[in-house]
>>> print(open('structure-v4.cif').read())   # mmCIF, N, CA and C atoms
data_coords
loop_
_atom_site.label_atom_id
_atom_site.label_comp_id
_atom_site.auth_asym_id
_atom_site.auth_seq_id
_atom_site.Cartn_x
_atom_site.Cartn_y
_atom_site.Cartn_z
N MET A 1 -8.47 -44.68 -26.61
CA MET A 1 -9.18 -43.45 -26.36
C MET A 1 -9.10 -42.58 -27.60
N GLU A 2 -10.16 -41.92 -27.85
CA GLU A 2 -10.30 -41.13 -29.06
C GLU A 2 -9.71 -39.73 -28.87
N ALA A 3 -9.01 -39.23 -29.87
CA ALA A 3 -8.43 -37.89 -29.80
C ALA A 3 -9.55 -36.85 -29.83
N PRO A 4 -9.39 -35.74 -29.10
CA PRO A 4 -10.43 -34.72 -29.10
C PRO A 4 -10.59 -34.13 -30.49
N LYS A 5 -11.80 -33.73 -30.76
CA LYS A 5 -12.10 -33.16 -32.07
C LYS A 5 -11.48 -31.77 -32.16
N THR A 6 -11.22 -31.37 -33.38
CA THR A 6 -10.58 -30.08 -33.60
C THR A 6 -11.45 -28.94 -33.10
N GLY A 7 -12.74 -29.06 -33.18
CA GLY A 7 -13.64 -28.01 -32.74
C GLY A 7 -13.57 -27.78 -31.24
N SER A 8 -13.58 -28.86 -30.45
CA SER A 8 -13.53 -28.70 -28.99
C SER A 8 -12.15 -28.19 -28.55
N ARG A 9 -11.11 -28.62 -29.23
CA ARG A 9 -9.76 -28.13 -28.92
C ARG A 9 -9.67 -26.63 -29.20
N GLU A 10 -10.28 -26.21 -30.28
CA GLU A 10 -10.28 -24.78 -30.63
C GLU A 10 -11.06 -23.96 -29.61
N ILE A 11 -12.15 -24.50 -29.12
CA ILE A 11 -12.96 -23.80 -28.11
C ILE A 11 -12.16 -23.66 -26.81
N ILE A 12 -11.54 -24.75 -26.37
CA ILE A 12 -10.75 -24.72 -25.14
C ILE A 12 -9.60 -23.72 -25.29
N ARG A 13 -8.95 -23.73 -26.45
CA ARG A 13 -7.84 -22.80 -26.70
C ARG A 13 -8.32 -21.36 -26.64
N ASN A 14 -9.44 -21.07 -27.27
CA ASN A 14 -9.97 -19.70 -27.26
C ASN A 14 -10.40 -19.26 -25.86
N VAL A 15 -11.03 -20.17 -25.12
CA VAL A 15 -11.44 -19.84 -23.76
C VAL A 15 -10.21 -19.52 -22.92
N TYR A 16 -9.17 -20.33 -23.05
CA TYR A 16 -7.93 -20.09 -22.31
C TYR A 16 -7.33 -18.74 -22.68
N LEU A 17 -7.20 -18.46 -23.97
CA LEU A 17 -6.58 -17.21 -24.41
C LEU A 17 -7.38 -15.99 -23.93
N TYR A 18 -8.70 -16.05 -24.08
CA TYR A 18 -9.52 -14.92 -23.64
C TYR A 18 -9.51 -14.77 -22.11
N LEU A 19 -9.49 -15.88 -21.40
CA LEU A 19 -9.47 -15.84 -19.94
C LEU A 19 -8.15 -15.23 -19.43
N VAL A 20 -7.03 -15.67 -19.99
CA VAL A 20 -5.74 -15.11 -19.58
C VAL A 20 -5.67 -13.63 -19.96
N SER A 21 -6.18 -13.28 -21.12
CA SER A 21 -6.18 -11.88 -21.53
C SER A 21 -7.03 -11.03 -20.59
N LEU A 22 -8.18 -11.55 -20.20
CA LEU A 22 -9.06 -10.82 -19.28
C LEU A 22 -8.40 -10.64 -17.92
N ILE A 23 -7.81 -11.69 -17.39
CA ILE A 23 -7.17 -11.61 -16.07
C ILE A 23 -5.99 -10.63 -16.09
N THR A 24 -5.16 -10.70 -17.11
CA THR A 24 -4.02 -9.78 -17.18
C THR A 24 -4.47 -8.35 -17.42
N LEU A 25 -5.54 -8.17 -18.18
CA LEU A 25 -6.08 -6.83 -18.39
C LEU A 25 -6.61 -6.26 -17.07
N ILE A 26 -7.28 -7.08 -16.28
CA ILE A 26 -7.77 -6.63 -14.97
C ILE A 26 -6.59 -6.28 -14.06
N MET A 27 -5.54 -7.10 -14.09
CA MET A 27 -4.35 -6.80 -13.29
C MET A 27 -3.75 -5.45 -13.70
N MET A 28 -3.72 -5.17 -14.99
CA MET A 28 -3.16 -3.91 -15.47
C MET A 28 -4.03 -2.73 -15.04
N VAL A 29 -5.33 -2.88 -15.14
CA VAL A 29 -6.24 -1.79 -14.77
C VAL A 29 -6.15 -1.49 -13.28
N VAL A 30 -6.16 -2.54 -12.46
CA VAL A 30 -6.08 -2.35 -11.01
C VAL A 30 -4.74 -1.71 -10.63
N SER A 31 -3.66 -2.16 -11.22
CA SER A 31 -2.34 -1.58 -10.93
C SER A 31 -2.28 -0.12 -11.33
N CYS A 32 -2.80 0.21 -12.49
CA CYS A 32 -2.80 1.61 -12.93
C CYS A 32 -3.67 2.47 -12.01
N ALA A 33 -4.81 1.95 -11.61
CA ALA A 33 -5.68 2.70 -10.70
C ALA A 33 -4.98 2.94 -9.36
N GLN A 34 -4.29 1.94 -8.85
CA GLN A 34 -3.58 2.11 -7.59
C GLN A 34 -2.40 3.06 -7.73
N LEU A 35 -1.73 3.04 -8.86
CA LEU A 35 -0.64 4.00 -9.09
C LEU A 35 -1.17 5.43 -9.16
N ILE A 36 -2.30 5.62 -9.82
CA ILE A 36 -2.92 6.95 -9.88
C ILE A 36 -3.34 7.39 -8.49
N ASN A 37 -3.93 6.48 -7.71
CA ASN A 37 -4.32 6.79 -6.34
C ASN A 37 -3.11 7.20 -5.51
N LEU A 38 -2.02 6.46 -5.62
CA LEU A 38 -0.80 6.77 -4.88
C LEU A 38 -0.25 8.13 -5.29
N ALA A 39 -0.27 8.43 -6.57
CA ALA A 39 0.23 9.72 -7.06
C ALA A 39 -0.65 10.86 -6.55
N LEU A 40 -1.96 10.68 -6.60
CA LEU A 40 -2.86 11.73 -6.12
C LEU A 40 -2.69 11.99 -4.63
N ILE A 41 -2.58 10.91 -3.85
CA ILE A 41 -2.42 11.07 -2.40
C ILE A 41 -1.07 11.71 -2.07
N THR A 42 -0.04 11.38 -2.83
CA THR A 42 1.29 11.89 -2.54
C THR A 42 1.45 13.36 -2.94
N TRP A 43 0.98 13.74 -4.12
CA TRP A 43 1.28 15.07 -4.63
C TRP A 43 0.09 16.02 -4.69
N VAL A 44 -1.09 15.52 -4.94
CA VAL A 44 -2.23 16.42 -5.12
C VAL A 44 -3.00 16.63 -3.82
N PHE A 45 -3.30 15.55 -3.11
CA PHE A 45 -4.08 15.62 -1.87
C PHE A 45 -3.30 15.00 -0.71
N PRO A 46 -2.21 15.61 -0.27
CA PRO A 46 -1.39 14.98 0.78
C PRO A 46 -2.11 14.86 2.12
N LYS A 47 -3.09 15.70 2.39
CA LYS A 47 -3.80 15.60 3.67
C LYS A 47 -4.69 14.36 3.72
N ALA A 48 -5.01 13.79 2.58
CA ALA A 48 -5.82 12.57 2.57
C ALA A 48 -5.06 11.40 3.16
N ASP A 49 -3.76 11.46 3.15
CA ASP A 49 -2.93 10.38 3.69
C ASP A 49 -2.70 10.51 5.19
N SER A 50 -2.84 11.72 5.72
CA SER A 50 -2.54 11.94 7.13
C SER A 50 -3.61 11.39 8.06
N SER A 51 -4.78 11.10 7.55
CA SER A 51 -5.85 10.60 8.43
C SER A 51 -5.59 9.16 8.88
N TYR A 52 -4.67 8.47 8.26
CA TYR A 52 -4.38 7.09 8.62
C TYR A 52 -3.34 6.96 9.72
N ILE A 53 -2.80 8.10 10.16
CA ILE A 53 -1.71 8.08 11.13
C ILE A 53 -2.24 8.53 12.49
N TYR A 54 -1.91 7.76 13.52
CA TYR A 54 -2.26 8.16 14.89
C TYR A 54 -1.03 7.96 15.76
N TYR A 55 -0.58 9.01 16.38
CA TYR A 55 0.63 8.95 17.20
C TYR A 55 0.32 8.76 18.68
N GLY A 56 -0.91 8.81 19.05
CA GLY A 56 -1.26 8.75 20.47
C GLY A 56 -1.35 10.16 21.02
N PRO A 57 -1.86 10.31 22.22
CA PRO A 57 -1.99 11.66 22.78
C PRO A 57 -0.62 12.26 23.10
N LYS A 58 -0.51 13.55 22.83
CA LYS A 58 0.74 14.23 23.12
C LYS A 58 0.83 14.46 24.63
N PRO A 59 1.98 14.16 25.22
CA PRO A 59 2.12 14.36 26.66
C PRO A 59 2.05 15.84 27.03
N VAL A 60 1.34 16.12 28.09
CA VAL A 60 1.23 17.50 28.58
C VAL A 60 1.63 17.51 30.05
N PRO A 61 2.15 18.64 30.51
CA PRO A 61 2.54 18.68 31.92
C PRO A 61 1.34 18.63 32.84
N ALA A 62 1.52 18.01 33.99
CA ALA A 62 0.45 17.94 34.98
C ALA A 62 0.25 19.32 35.58
N ALA A 63 -1.00 19.70 35.77
CA ALA A 63 -1.30 21.03 36.30
C ALA A 63 -0.80 21.17 37.74
N GLU A 64 -0.97 20.15 38.51
CA GLU A 64 -0.51 20.20 39.90
C GLU A 64 -0.21 18.79 40.37
N LEU A 65 0.52 18.71 41.43
CA LEU A 65 0.85 17.41 42.00
C LEU A 65 -0.37 16.82 42.69
N LYS A 66 -0.58 15.55 42.48
CA LYS A 66 -1.64 14.86 43.22
C LYS A 66 -1.11 14.53 44.62
N PRO A 67 -1.99 14.44 45.60
CA PRO A 67 -1.51 14.18 46.97
C PRO A 67 -0.74 12.87 47.11
N ASP A 68 -1.09 11.85 46.33
CA ASP A 68 -0.41 10.57 46.47
C ASP A 68 0.84 10.46 45.58
N ASP A 69 1.13 11.50 44.81
CA ASP A 69 2.30 11.49 43.94
C ASP A 69 3.53 11.89 44.74
N LYS A 70 4.51 11.03 44.78
CA LYS A 70 5.70 11.25 45.61
C LYS A 70 6.88 11.80 44.79
N ARG A 71 6.63 12.13 43.52
CA ARG A 71 7.72 12.64 42.69
C ARG A 71 7.98 14.12 42.97
N THR A 72 9.22 14.49 42.82
CA THR A 72 9.60 15.90 42.98
C THR A 72 9.31 16.64 41.68
N PRO A 73 9.26 17.96 41.70
CA PRO A 73 9.05 18.70 40.45
C PRO A 73 10.13 18.40 39.40
N GLU A 74 11.35 18.13 39.84
CA GLU A 74 12.42 17.80 38.88
C GLU A 74 12.13 16.45 38.21
N GLN A 75 11.62 15.49 39.01
CA GLN A 75 11.27 14.18 38.44
C GLN A 75 10.10 14.32 37.47
N LEU A 76 9.14 15.16 37.82
CA LEU A 76 8.02 15.38 36.91
C LEU A 76 8.49 15.99 35.60
N THR A 77 9.40 16.95 35.69
CA THR A 77 9.95 17.56 34.48
C THR A 77 10.72 16.54 33.65
N ALA A 78 11.49 15.71 34.31
CA ALA A 78 12.24 14.67 33.59
C ALA A 78 11.29 13.65 32.97
N ASP A 79 10.24 13.27 33.69
CA ASP A 79 9.26 12.32 33.14
C ASP A 79 8.54 12.92 31.93
N LEU A 80 8.19 14.19 32.02
CA LEU A 80 7.53 14.86 30.90
C LEU A 80 8.46 14.92 29.69
N ALA A 81 9.71 15.27 29.92
CA ALA A 81 10.68 15.33 28.81
C ALA A 81 10.84 13.96 28.17
N TYR A 82 10.89 12.91 28.99
CA TYR A 82 11.02 11.56 28.46
C TYR A 82 9.76 11.18 27.66
N SER A 83 8.58 11.51 28.18
CA SER A 83 7.33 11.20 27.48
C SER A 83 7.25 11.93 26.14
N GLN A 84 7.68 13.18 26.12
CA GLN A 84 7.67 13.92 24.86
C GLN A 84 8.66 13.33 23.86
N LYS A 85 9.81 12.89 24.34
CA LYS A 85 10.79 12.25 23.45
C LYS A 85 10.24 10.96 22.87
N VAL A 86 9.59 10.15 23.71
CA VAL A 86 8.99 8.90 23.23
C VAL A 86 7.91 9.21 22.19
N TRP A 87 7.10 10.22 22.44
CA TRP A 87 6.02 10.59 21.52
C TRP A 87 6.60 11.05 20.18
N GLU A 88 7.66 11.87 20.23
CA GLU A 88 8.28 12.35 19.00
C GLU A 88 8.93 11.20 18.23
N ASP A 89 9.55 10.27 18.96
CA ASP A 89 10.13 9.09 18.30
C ASP A 89 9.06 8.25 17.63
N GLU A 90 7.93 8.07 18.29
CA GLU A 90 6.82 7.30 17.71
C GLU A 90 6.26 8.00 16.48
N LYS A 91 6.17 9.31 16.54
CA LYS A 91 5.69 10.08 15.38
C LYS A 91 6.65 9.90 14.21
N GLN A 92 7.95 9.99 14.46
CA GLN A 92 8.95 9.81 13.41
C GLN A 92 8.89 8.39 12.84
N ARG A 93 8.75 7.40 13.69
CA ARG A 93 8.67 6.02 13.24
C ARG A 93 7.43 5.79 12.38
N SER A 94 6.31 6.39 12.78
CA SER A 94 5.08 6.25 12.01
C SER A 94 5.22 6.89 10.63
N GLU A 95 5.86 8.04 10.58
CA GLU A 95 6.09 8.70 9.29
C GLU A 95 6.96 7.83 8.38
N GLU A 96 8.01 7.25 8.95
CA GLU A 96 8.90 6.39 8.16
C GLU A 96 8.15 5.14 7.67
N GLN A 97 7.30 4.58 8.51
CA GLN A 97 6.52 3.41 8.10
C GLN A 97 5.54 3.76 7.00
N ARG A 98 4.94 4.95 7.08
CA ARG A 98 3.99 5.38 6.04
C ARG A 98 4.71 5.53 4.71
N ILE A 99 5.88 6.13 4.74
CA ILE A 99 6.65 6.30 3.50
C ILE A 99 7.11 4.96 2.96
N SER A 100 7.54 4.07 3.85
CA SER A 100 7.94 2.72 3.41
C SER A 100 6.78 1.98 2.78
N GLN A 101 5.59 2.13 3.34
CA GLN A 101 4.41 1.47 2.77
C GLN A 101 4.10 2.02 1.38
N LYS A 102 4.29 3.31 1.17
CA LYS A 102 4.10 3.88 -0.17
C LYS A 102 5.08 3.27 -1.16
N TYR A 103 6.33 3.11 -0.75
CA TYR A 103 7.32 2.50 -1.63
C TYR A 103 6.95 1.05 -1.94
N ARG A 104 6.50 0.31 -0.93
CA ARG A 104 6.09 -1.08 -1.17
C ARG A 104 4.92 -1.14 -2.15
N ASP A 105 3.94 -0.24 -1.98
CA ASP A 105 2.81 -0.21 -2.90
C ASP A 105 3.26 0.13 -4.31
N LEU A 106 4.17 1.08 -4.43
CA LEU A 106 4.68 1.47 -5.75
C LEU A 106 5.38 0.30 -6.43
N VAL A 107 6.25 -0.38 -5.70
CA VAL A 107 6.98 -1.52 -6.26
C VAL A 107 6.03 -2.63 -6.66
N GLN A 108 5.04 -2.91 -5.82
CA GLN A 108 4.09 -3.97 -6.13
C GLN A 108 3.29 -3.66 -7.39
N ASN A 109 2.82 -2.42 -7.52
CA ASN A 109 2.03 -2.07 -8.69
C ASN A 109 2.86 -2.06 -9.96
N ILE A 110 4.08 -1.60 -9.88
CA ILE A 110 4.94 -1.63 -11.06
C ILE A 110 5.26 -3.07 -11.46
N SER A 111 5.50 -3.93 -10.48
CA SER A 111 5.79 -5.33 -10.81
C SER A 111 4.58 -6.02 -11.43
N PHE A 112 3.38 -5.71 -10.94
CA PHE A 112 2.18 -6.25 -11.57
C PHE A 112 2.10 -5.81 -13.03
N LEU A 113 2.38 -4.55 -13.29
CA LEU A 113 2.34 -4.06 -14.67
C LEU A 113 3.41 -4.73 -15.53
N LEU A 114 4.60 -4.92 -14.96
CA LEU A 114 5.68 -5.54 -15.72
C LEU A 114 5.40 -7.01 -16.05
N VAL A 115 4.63 -7.67 -15.21
CA VAL A 115 4.28 -9.08 -15.47
C VAL A 115 3.05 -9.16 -16.37
N ALA A 116 2.03 -8.37 -16.07
CA ALA A 116 0.75 -8.50 -16.77
C ALA A 116 0.80 -7.97 -18.20
N THR A 117 1.53 -6.90 -18.44
CA THR A 117 1.53 -6.29 -19.77
C THR A 117 2.07 -7.22 -20.85
N PRO A 118 3.24 -7.83 -20.69
CA PRO A 118 3.70 -8.74 -21.76
C PRO A 118 2.79 -9.96 -21.93
N LEU A 119 2.28 -10.48 -20.81
CA LEU A 119 1.36 -11.62 -20.91
C LEU A 119 0.12 -11.25 -21.70
N PHE A 120 -0.44 -10.09 -21.40
CA PHE A 120 -1.63 -9.64 -22.12
C PHE A 120 -1.32 -9.44 -23.60
N LEU A 121 -0.23 -8.74 -23.89
CA LEU A 121 0.11 -8.47 -25.29
C LEU A 121 0.35 -9.75 -26.07
N TYR A 122 1.01 -10.72 -25.46
CA TYR A 122 1.26 -11.98 -26.15
C TYR A 122 -0.05 -12.72 -26.43
N HIS A 123 -0.86 -12.89 -25.40
CA HIS A 123 -2.10 -13.65 -25.57
C HIS A 123 -3.07 -12.92 -26.50
N TRP A 124 -3.09 -11.61 -26.43
CA TRP A 124 -4.00 -10.88 -27.32
C TRP A 124 -3.52 -10.95 -28.77
N SER A 125 -2.20 -10.95 -28.97
CA SER A 125 -1.70 -11.09 -30.35
C SER A 125 -2.01 -12.47 -30.92
N VAL A 126 -1.97 -13.50 -30.07
CA VAL A 126 -2.34 -14.84 -30.52
C VAL A 126 -3.82 -14.88 -30.88
N ILE A 127 -4.65 -14.23 -30.11
CA ILE A 127 -6.10 -14.19 -30.39
C ILE A 127 -6.33 -13.47 -31.73
N ARG A 128 -5.62 -12.40 -31.95
CA ARG A 128 -5.84 -11.59 -33.16
C ARG A 128 -5.44 -12.31 -34.45
N LYS A 129 -4.58 -13.31 -34.34
CA LYS A 129 -4.12 -14.04 -35.54
C LYS A 129 -5.20 -14.93 -36.08
#
>>> encode(input="structure-v4.cif", output="structure tokens")
Amino acid sequence: MEAPKTGSREIIRNVYLYLVSLITLIMMVVSCAQLINLALITWVFPKADSSYIYYGPKPVPAAELKPDDKRTPEQLTADLAYSQKVWEDEKQRSEEQRISQKYRDLVQNISFLLVATPLFLYHWSVIRK
């Protein structure tokens, strides 16, 4: 079998280098855009993040007993207190999950930058030579 010609090897090498450089550059741009988005939502426009959270309807006391309801007023009060506690716990859990998701996004974007930047710089320096 015949060895590949120097010209075709050079073309394949250049295509590879430019392709890896393009992919890593795209990774860097997307990561930076997501980091900027995260920073804007966290510090500049915090209300933009609150629209993604739904805690469910807040429990309210019943206006009056229904005829088929056999609970006493004390049981109704206890049930309402329990429902409000569950609702507050769910709200707290949702807030913690939202903050955890922000941390996961931050870590993911920083790791993409830490991987893509050296790869891009190396391949681009090889292209420049």
>>> resolve_selection(input="structure-v4.cif", expression="the PyMOL selection byres ((chain A and resi 22-37) around 6)", output="list in words")
Leu17, Tyr18, Leu19, Val20, Ser21, Leu38, Ala39, Leu40, Ile41, Thr42, Asn109, Phe112, Leu113, Ala116 and Phe120 of chain A
>>> write_last_selection(input="structure-v4.cif", atoms="N, CA and C atoms", output="mmCIF file, in the coordinates of the input")
data_model
loop_
_atom_site.group_PDB
_atom_site.id
_atom_site.type_symbol
_atom_site.label_atom_id
_atom_site.label_comp_id
_atom_site.auth_asym_id
_atom_site.auth_seq_id
_atom_site.Cartn_x
_atom_site.Cartn_y
_atom_site.Cartn_z
ATOM 1 N N LEU A 17 -7.200 -18.460 -23.970
ATOM 2 C CA LEU A 17 -6.580 -17.210 -24.410
ATOM 3 C C LEU A 17 -7.380 -15.990 -23.930
ATOM 4 N N TYR A 18 -8.700 -16.050 -24.080
ATOM 5 C CA TYR A 18 -9.520 -14.920 -23.640
ATOM 6 C C TYR A 18 -9.510 -14.770 -22.110
ATOM 7 N N LEU A 19 -9.490 -15.880 -21.400
ATOM 8 C CA LEU A 19 -9.470 -15.840 -19.940
ATOM 9 C C LEU A 19 -8.150 -15.230 -19.430
ATOM 10 N N VAL A 20 -7.030 -15.670 -19.990
ATOM 11 C CA VAL A 20 -5.740 -15.110 -19.580
ATOM 12 C C VAL A 20 -5.670 -13.630 -19.960
ATOM 13 N N SER A 21 -6.180 -13.280 -21.120
ATOM 14 C CA SER A 21 -6.180 -11.880 -21.530
ATOM 15 C C SER A 21 -7.030 -11.030 -20.590
ATOM 16 N N LEU A 38 -2.020 6.460 -5.620
ATOM 17 C CA LEU A 38 -0.800 6.770 -4.880
ATOM 18 C C LEU A 38 -0.250 8.130 -5.290
ATOM 19 N N ALA A 39 -0.270 8.430 -6.570
ATOM 20 C CA ALA A 39 0.230 9.720 -7.060
ATOM 21 C C ALA A 39 -0.650 10.860 -6.550
ATOM 22 N N LEU A 40 -1.960 10.680 -6.600
ATOM 23 C CA LEU A 40 -2.860 11.730 -6.120
ATOM 24 C C LEU A 40 -2.690 11.990 -4.630
ATOM 25 N N ILE A 41 -2.580 10.910 -3.850
ATOM 26 C CA ILE A 41 -2.420 11.070 -2.400
ATOM 27 C C ILE A 41 -1.070 11.710 -2.070
ATOM 28 N N THR A 42 -0.040 11.380 -2.830
ATOM 29 C CA THR A 42 1.290 11.890 -2.540
ATOM 30 C C THR A 42 1.450 13.360 -2.940
ATOM 31 N N ASN A 109 2.820 -2.420 -7.520
ATOM 32 C CA ASN A 109 2.030 -2.070 -8.690
ATOM 33 C C ASN A 109 2.860 -2.060 -9.960
ATOM 34 N N PHE A 112 3.380 -5.710 -10.940
ATOM 35 C CA PHE A 112 2.180 -6.250 -11.570
ATOM 36 C C PHE A 112 2.100 -5.810 -13.030
ATOM 37 N N LEU A 113 2.380 -4.550 -13.290
ATOM 38 C CA LEU A 113 2.340 -4.060 -14.670
ATOM 39 C C LEU A 113 3.410 -4.730 -15.530
ATOM 40 N N ALA A 116 2.030 -8.370 -16.070
ATOM 41 C CA ALA A 116 0.750 -8.500 -16.770
ATOM 42 C C ALA A 116 0.800 -7.970 -18.200
ATOM 43 N N PHE A 120 -0.440 -10.090 -21.400
ATOM 44 C CA PHE A 120 -1.630 -9.640 -22.120
ATOM 45 C C PHE A 120 -1.320 -9.440 -23.600
#
>>> resolve_selection(input="structure-v4.cif", expression="the PyMOL selection byres (((chain A and resi 126 and name CA) around 12) and name CA)", output="list in words")
Arg13, Asn14, Tyr16, Leu17, Tyr18, Val20, Ser21, Leu119, Phe120, Leu121, Tyr122, His123, Trp124, Ser125, Ile127, Arg128 and Lys129 of chain A
>>> atom_distance(input="structure-v4.cif", atom1="atom CA of A:Arg93", atom2="atom CA of A:Leu76")
25.5 Å
>>> atom_distance(input="structure-v4.cif", atom1="atom CA of A:Leu80", atom2="atom CA of A:Lys58")
10.3 Å
>>> atom_distance(input="structure-v4.cif", atom1="atom N of A:Glu95", atom2="atom C of A:Ser50")
10.4 Å
>>> select_by_dssp(input="structure-v4.cif", residues="chain A", states="helix (DSSP H, G or I)", output="VMD selection string")
chain A and resid 6 to 44 47 to 50 73 to 128
>>> closest_residue(input="structure-v4.cif", among="A:Leu106, A:Ile11, A:Lys91, A:Lys85", to="A:Tyr54", atoms="all atoms listed in the file")
A:Lys91
>>> build_atoms(input="structure-v4.cif", residues="stretch 22-29 of chain A", atoms="all heavy atoms", output="mmCIF file, keeping the file's coordinate frame")
data_model
loop_
_atom_site.group_PDB
_atom_site.id
_atom_site.type_symbol
_atom_site.label_atom_id
_atom_site.label_comp_id
_atom_site.auth_asym_id
_atom_site.auth_seq_id
_atom_site.Cartn_x
_atom_site.Cartn_y
_atom_site.Cartn_z
ATOM 1 N N LEU A 22 -8.180 -11.550 -20.200
ATOM 2 C CA LEU A 22 -9.060 -10.820 -19.280
ATOM 3 C C LEU A 22 -8.400 -10.640 -17.920
ATOM 4 O O LEU A 22 -8.398 -9.536 -17.365
ATOM 5 C CB LEU A 22 -10.392 -11.564 -19.124
ATOM 6 C CG LEU A 22 -11.361 -10.950 -18.120
ATOM 7 C CD1 LEU A 22 -11.845 -9.591 -18.598
ATOM 8 C CD2 LEU A 22 -12.526 -11.890 -17.880
ATOM 9 N N ILE A 23 -7.810 -11.690 -17.390
ATOM 10 C CA ILE A 23 -7.170 -11.610 -16.070
ATOM 11 C C ILE A 23 -5.990 -10.630 -16.090
ATOM 12 O O ILE A 23 -5.855 -9.798 -15.193
ATOM 13 C CB ILE A 23 -6.729 -13.006 -15.595
ATOM 14 C CG1 ILE A 23 -7.965 -13.854 -15.280
ATOM 15 C CG2 ILE A 23 -5.819 -12.917 -14.374
ATOM 16 C CD1 ILE A 23 -7.668 -15.320 -15.052
ATOM 17 N N THR A 24 -5.160 -10.700 -17.110
ATOM 18 C CA THR A 24 -4.020 -9.780 -17.180
ATOM 19 C C THR A 24 -4.470 -8.350 -17.420
ATOM 20 O O THR A 24 -3.880 -7.406 -16.890
ATOM 21 C CB THR A 24 -3.014 -10.221 -18.249
ATOM 22 O OG1 THR A 24 -3.678 -10.356 -19.516
ATOM 23 C CG2 THR A 24 -2.348 -11.533 -17.871
ATOM 24 N N LEU A 25 -5.540 -8.170 -18.180
ATOM 25 C CA LEU A 25 -6.080 -6.830 -18.390
ATOM 26 C C LEU A 25 -6.610 -6.260 -17.070
ATOM 27 O O LEU A 25 -6.368 -5.090 -16.747
ATOM 28 C CB LEU A 25 -7.182 -6.859 -19.445
ATOM 29 C CG LEU A 25 -7.783 -5.510 -19.823
ATOM 30 C CD1 LEU A 25 -6.724 -4.606 -20.429
ATOM 31 C CD2 LEU A 25 -8.931 -5.716 -20.796
ATOM 32 N N ILE A 26 -7.280 -7.080 -16.280
ATOM 33 C CA ILE A 26 -7.770 -6.630 -14.970
ATOM 34 C C ILE A 26 -6.590 -6.280 -14.060
ATOM 35 O O ILE A 26 -6.620 -5.268 -13.355
ATOM 36 C CB ILE A 26 -8.668 -7.716 -14.327
ATOM 37 C CG1 ILE A 26 -9.986 -7.807 -15.098
ATOM 38 C CG2 ILE A 26 -8.929 -7.421 -12.864
ATOM 39 C CD1 ILE A 26 -10.849 -8.979 -14.700
ATOM 40 N N MET A 27 -5.540 -7.100 -14.090
ATOM 41 C CA MET A 27 -4.350 -6.800 -13.290
ATOM 42 C C MET A 27 -3.750 -5.450 -13.700
ATOM 43 O O MET A 27 -3.359 -4.654 -12.834
ATOM 44 C CB MET A 27 -3.290 -7.897 -13.469
ATOM 45 C CG MET A 27 -3.590 -9.186 -12.764
ATOM 46 S SD MET A 27 -2.415 -10.509 -13.157
ATOM 47 C CE MET A 27 -0.874 -9.813 -12.596
ATOM 48 N N MET A 28 -3.720 -5.170 -14.990
ATOM 49 C CA MET A 28 -3.160 -3.910 -15.470
ATOM 50 C C MET A 28 -4.030 -2.730 -15.040
ATOM 51 O O MET A 28 -3.513 -1.701 -14.604
ATOM 52 C CB MET A 28 -3.006 -3.956 -16.992
ATOM 53 C CG MET A 28 -1.923 -4.897 -17.456
ATOM 54 S SD MET A 28 -1.919 -5.271 -19.219
ATOM 55 C CE MET A 28 -2.276 -3.748 -20.009
ATOM 56 N N VAL A 29 -5.330 -2.880 -15.140
ATOM 57 C CA VAL A 29 -6.240 -1.790 -14.770
ATOM 58 C C VAL A 29 -6.150 -1.490 -13.280
ATOM 59 O O VAL A 29 -6.074 -0.327 -12.859
ATOM 60 C CB VAL A 29 -7.686 -2.123 -15.200
ATOM 61 C CG1 VAL A 29 -8.676 -1.164 -14.580
ATOM 62 C CG2 VAL A 29 -7.805 -2.123 -16.715
#
